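Structure below is query_31.csv: CSV, C-alpha atoms.
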chain,number,residue,atom,x,y,z
A,589,MET,CA,4.3,-10.4,1.1
A,590,HIS,CA,5.6,-7.5,3.3
A,591,ASN,CA,9.2,-8.4,2.4
A,592,PHE,CA,8.4,-8.0,-1.3
A,593,PHE,CA,7.2,-4.4,-0.9
A,594,ALA,CA,10.2,-3.6,1.3
A,595,LYS,CA,12.5,-4.9,-1.4
A,596,ALA,CA,10.6,-3.1,-4.1
A,597,ALA,CA,10.8,0.2,-2.2
A,598,MET,CA,14.5,-0.3,-1.7
A,599,ARG,CA,15.0,-1.1,-5.4
A,600,SER,CA,13.1,2.0,-6.4
A,601,THR,CA,15.5,4.2,-4.5
A,602,ILE,CA,18.5,2.7,-6.4
A,603,ALA,CA,16.9,2.7,-9.9
A,604,ARG,CA,18.9,4.3,-12.6
A,605,PRO,CA,17.8,7.9,-13.3
A,606,PRO,CA,15.7,8.1,-16.5
A,607,ASP,CA,18.3,10.3,-18.2
A,608,GLN,CA,20.8,7.4,-17.9
A,609,LEU,CA,18.7,5.1,-20.0
A,610,ASP,CA,19.7,5.3,-23.6
A,611,GLU,CA,17.5,4.7,-26.6
A,612,GLN,CA,18.4,1.1,-26.8
A,613,ASP,CA,17.5,0.5,-23.2
A,614,ARG,CA,14.2,2.2,-23.8
A,615,ALA,CA,13.6,0.1,-26.9
A,616,ILE,CA,14.3,-3.1,-25.0
A,617,LEU,CA,11.8,-2.0,-22.3
A,618,ARG,CA,9.2,-1.3,-24.9
A,619,ILE,CA,9.6,-4.8,-26.3
A,620,LEU,CA,9.5,-6.4,-22.9
A,621,GLN,CA,6.4,-4.5,-21.9
A,622,GLN,CA,4.6,-5.9,-24.9
A,623,ASP,CA,5.9,-9.5,-24.4
A,624,ASN,CA,8.5,-10.4,-21.8
A,625,LYS,CA,9.0,-13.8,-23.4
A,626,THR,CA,10.5,-12.2,-26.5
A,627,SER,CA,13.9,-13.9,-27.0
A,628,GLN,CA,17.0,-11.9,-26.5
A,629,ARG,CA,18.0,-12.7,-30.0
A,630,GLU,CA,14.8,-11.2,-31.4
A,631,ILE,CA,15.2,-8.1,-29.1
A,632,GLY,CA,18.8,-7.8,-30.2
A,633,GLU,CA,17.8,-7.8,-33.9
A,634,ALA,CA,15.2,-5.2,-33.2
A,635,VAL,CA,17.5,-2.8,-31.3
A,636,HIS,CA,20.7,-3.7,-33.2
A,637,LEU,CA,22.6,-5.4,-30.4
A,638,SER,CA,23.9,-8.9,-29.8
A,639,ALA,CA,21.9,-11.2,-27.6
A,640,PRO,CA,24.6,-11.2,-24.9
A,641,ALA,CA,24.5,-7.3,-24.9
A,642,VAL,CA,20.7,-7.4,-24.5
A,643,GLN,CA,21.1,-9.9,-21.7
A,644,ARG,CA,23.6,-7.6,-19.9
A,645,ARG,CA,21.3,-4.6,-20.3
A,646,ILE,CA,18.3,-6.5,-19.0
A,647,ALA,CA,20.2,-7.8,-16.0
A,648,ARG,CA,21.5,-4.3,-15.2
A,649,MET,CA,17.9,-2.9,-15.4
A,650,GLU,CA,16.7,-5.7,-13.1
A,651,THR,CA,19.4,-5.0,-10.6
A,652,ALA,CA,18.8,-1.3,-10.7
A,653,GLY,CA,15.1,-1.9,-10.1
A,654,ILE,CA,14.0,-0.4,-13.4
A,655,ILE,CA,12.5,-3.8,-14.3
A,656,ARG,CA,10.7,-4.8,-11.1
A,657,ARG,CA,9.1,-8.1,-12.0
A,658,ASN,CA,8.3,-10.4,-14.9
A,659,VAL,CA,4.7,-11.5,-14.6
A,660,ALA,CA,1.8,-13.0,-16.6
A,661,VAL,CA,-1.1,-10.7,-17.3
A,662,VAL,CA,-4.2,-12.8,-16.6
A,663,ASP,CA,-7.7,-12.0,-18.0
A,664,PRO,CA,-9.8,-11.5,-14.8
A,665,VAL,CA,-13.0,-12.6,-16.6
A,666,ALA,CA,-11.4,-15.9,-17.6
A,667,VAL,CA,-10.6,-16.7,-14.0
A,668,GLY,CA,-13.9,-15.7,-12.5
A,669,GLN,CA,-13.0,-12.2,-11.3
A,670,GLY,CA,-15.2,-10.3,-13.8
A,671,VAL,CA,-16.3,-7.3,-11.7
A,672,THR,CA,-13.9,-4.4,-11.3
A,673,VAL,CA,-14.6,-1.9,-8.5
A,674,VAL,CA,-13.0,1.4,-7.8
A,675,VAL,CA,-13.3,2.5,-4.2
A,676,GLU,CA,-12.4,5.9,-2.7
A,677,VAL,CA,-11.7,5.5,1.0
A,678,GLN,CA,-11.5,8.2,3.6
A,679,THR,CA,-9.7,7.2,6.8
A,680,VAL,CA,-10.8,8.5,10.3
A,681,ASN,CA,-7.7,10.7,10.3
A,682,ASP,CA,-4.4,11.1,8.6
A,683,ARG,CA,-2.2,10.2,11.5
A,684,SER,CA,0.7,7.8,10.7
A,685,PRO,CA,-0.6,4.8,12.7
A,686,VAL,CA,-4.0,4.9,11.0
A,687,ILE,CA,-2.4,5.3,7.5
A,688,ALA,CA,0.1,2.5,8.2
A,689,ALA,CA,-2.6,0.1,9.4
A,690,ALA,CA,-4.8,0.9,6.4
A,691,LYS,CA,-1.9,0.4,4.0
A,692,ARG,CA,-1.1,-3.0,5.6
A,693,LEU,CA,-4.8,-4.1,5.4
A,694,PHE,CA,-5.2,-3.1,1.8
A,695,ARG,CA,-1.8,-4.5,0.8
A,696,GLU,CA,-2.7,-7.9,2.3
A,697,ALA,CA,-6.2,-8.2,0.7
A,698,PRO,CA,-5.9,-10.3,-2.4
A,699,GLU,CA,-8.9,-8.7,-4.0
A,700,VAL,CA,-7.1,-5.3,-4.0
A,701,GLN,CA,-5.2,-5.1,-7.3
A,702,GLN,CA,-4.0,-1.5,-6.9
A,703,CYS,CA,-3.9,0.8,-3.9
A,704,TYR,CA,-2.9,4.4,-4.0
A,705,PHE,CA,-2.4,6.7,-0.9
A,706,ILE,CA,-3.5,10.0,-2.3
A,707,THR,CA,-4.0,13.7,-1.6
A,708,GLY,CA,-7.4,15.4,-1.6
A,709,LYS,CA,-10.7,14.5,0.1
A,710,ALA,CA,-10.1,10.7,0.0
A,711,SER,CA,-7.1,9.0,1.7
A,712,PHE,CA,-6.9,6.0,-0.7
A,713,VAL,CA,-8.1,4.9,-4.1
A,714,LEU,CA,-8.4,1.1,-4.6
A,715,ILE,CA,-9.0,-1.0,-7.6
A,716,LEU,CA,-10.6,-4.3,-6.7
A,717,LEU,CA,-11.4,-7.5,-8.6
A,718,VAL,CA,-14.3,-9.7,-7.4
A,719,PRO,CA,-16.4,-12.5,-8.9
A,720,ASP,CA,-19.7,-10.7,-8.4
A,721,MET,CA,-21.5,-8.0,-6.4
A,722,ALA,CA,-22.5,-10.3,-3.6
A,723,SER,CA,-18.7,-11.0,-3.0
A,724,TYR,CA,-18.1,-7.2,-3.1
A,725,GLU,CA,-20.7,-6.7,-0.5
A,726,VAL,CA,-19.0,-9.1,1.9
A,727,LEU,CA,-15.6,-7.6,1.1
A,728,SER,CA,-16.8,-4.0,1.5
A,729,ARG,CA,-18.1,-4.8,5.0
A,730,ARG,CA,-14.7,-6.4,6.0
A,731,LEU,CA,-12.5,-3.7,4.5
A,732,PHE,CA,-14.6,-0.6,4.9
A,733,ALA,CA,-18.0,-0.6,6.6
A,734,ASP,CA,-16.9,-2.5,9.7
A,735,ASN,CA,-13.4,-1.1,9.8
A,736,ASP,CA,-12.6,1.4,12.6
A,737,LEU,CA,-9.9,2.9,10.4
A,738,VAL,CA,-12.4,4.0,7.7
A,739,GLN,CA,-14.6,7.0,8.1
A,740,SER,CA,-16.3,6.6,4.7
A,741,PHE,CA,-16.0,5.0,1.3
A,742,GLN,CA,-17.5,5.4,-2.1
A,743,THR,CA,-17.9,2.6,-4.5
A,744,MET,CA,-17.8,2.9,-8.3
A,745,VAL,CA,-18.4,-0.2,-10.4
A,746,VAL,CA,-16.6,-0.4,-13.7
A,747,LEU,CA,-19.0,-0.8,-16.6
A,748,ASP,CA,-16.4,-1.1,-19.3
A,749,PRO,CA,-12.6,-1.2,-18.9
A,750,VAL,CA,-12.0,1.2,-21.8
A,751,LYS,CA,-8.2,1.1,-21.3
A,752,VAL,CA,-6.2,-1.1,-19.0
A,753,THR,CA,-2.4,-1.1,-19.4
A,754,LEU,CA,0.6,-2.0,-17.4
A,755,GLU,CA,2.9,-0.3,-19.8
A,756,VAL,CA,5.0,2.8,-19.0
A,757,ASP,CA,5.3,5.2,-21.9
A,758,LEU,CA,9.0,5.3,-22.8
Written as structure tokens, how would this file's structure read?
Amino acid sequence: MHNFFAKAAMRSTIARPPDQLDEQDRAILRILQQDNKTSQREIGEAVHLSAPAVQRRIARMETAGIIRRNVAVVDPVAVGQGVTVVVEVQTVNDRSPVIAAAKRLFREAPEVQQCYFITGKASFVLILLVPDMASYEVLSRRLFADNDLVQSFQTMVVLDPVKVTLEVDL
């Protein structure tokens, strides 16, 4: 897993600057964000390019790190992960070894869907998926309450995911 993040970080440094993406690139990205199984022929028709031209553009954007991955978006409720929890975590201090260890721990926890190292009072904000609150209680002990890296944490349970998107506004 660590290797994936190292490669992703490297790709993000070589990504093509946004001003070098033309309107056809952006149109291709909008289509792929909606459904990455759309055929290159269909994309080509929509953006007025041939399928081979679309294929070259997609390959270039993948190589440049603009397109990071092609994934399936799974409904958490359908797979038994129906509780979303947002957690603010304050570490014991902001020294590099503490932050690095916390990042590693949060990155490796499969329940952690998103993790942000942030400015402000908290050190991290995490988005977690768990089957139920009993599972979250066990997880919160392991990741936060019994963790010497964590000074404090605040849990917020999501009542209704009003908007959840993985799309970048292009």
A:Asn735, A:Gln621, A:Ser740, A:Ser728 ranked by distance to Lys709 of chain A, top pick (using all atoms listed in the file): A:Ser740
Of the candidates A:Ile687, A:Val756, A:Ile706, A:Val746, which one gets nearest to Val718 of chain A if we count all atoms listed in the file? A:Val746
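You can rank A:Leu731, A:Leu637, A:Glu611, A:Ser684 by their closest distance to Glu696 of chain A using only C-alpha atoms, and at the top of that list sits A:Leu731.
With all atoms listed in the file as the atoms that count, the minimum distance from Ala690 of chain A to the choices A:Thr672, A:Asp720, A:Val738, A:Arg657 is reached by A:Val738.
Straight-line separation from atom CA of Glu676 of chain A to atom CA of Arg692 of chain A: 16.6 Å.
Taking atom CA of Phe712 of chain A and atom CA of Leu737 of chain A as the two end points, the separation is 11.9 Å.
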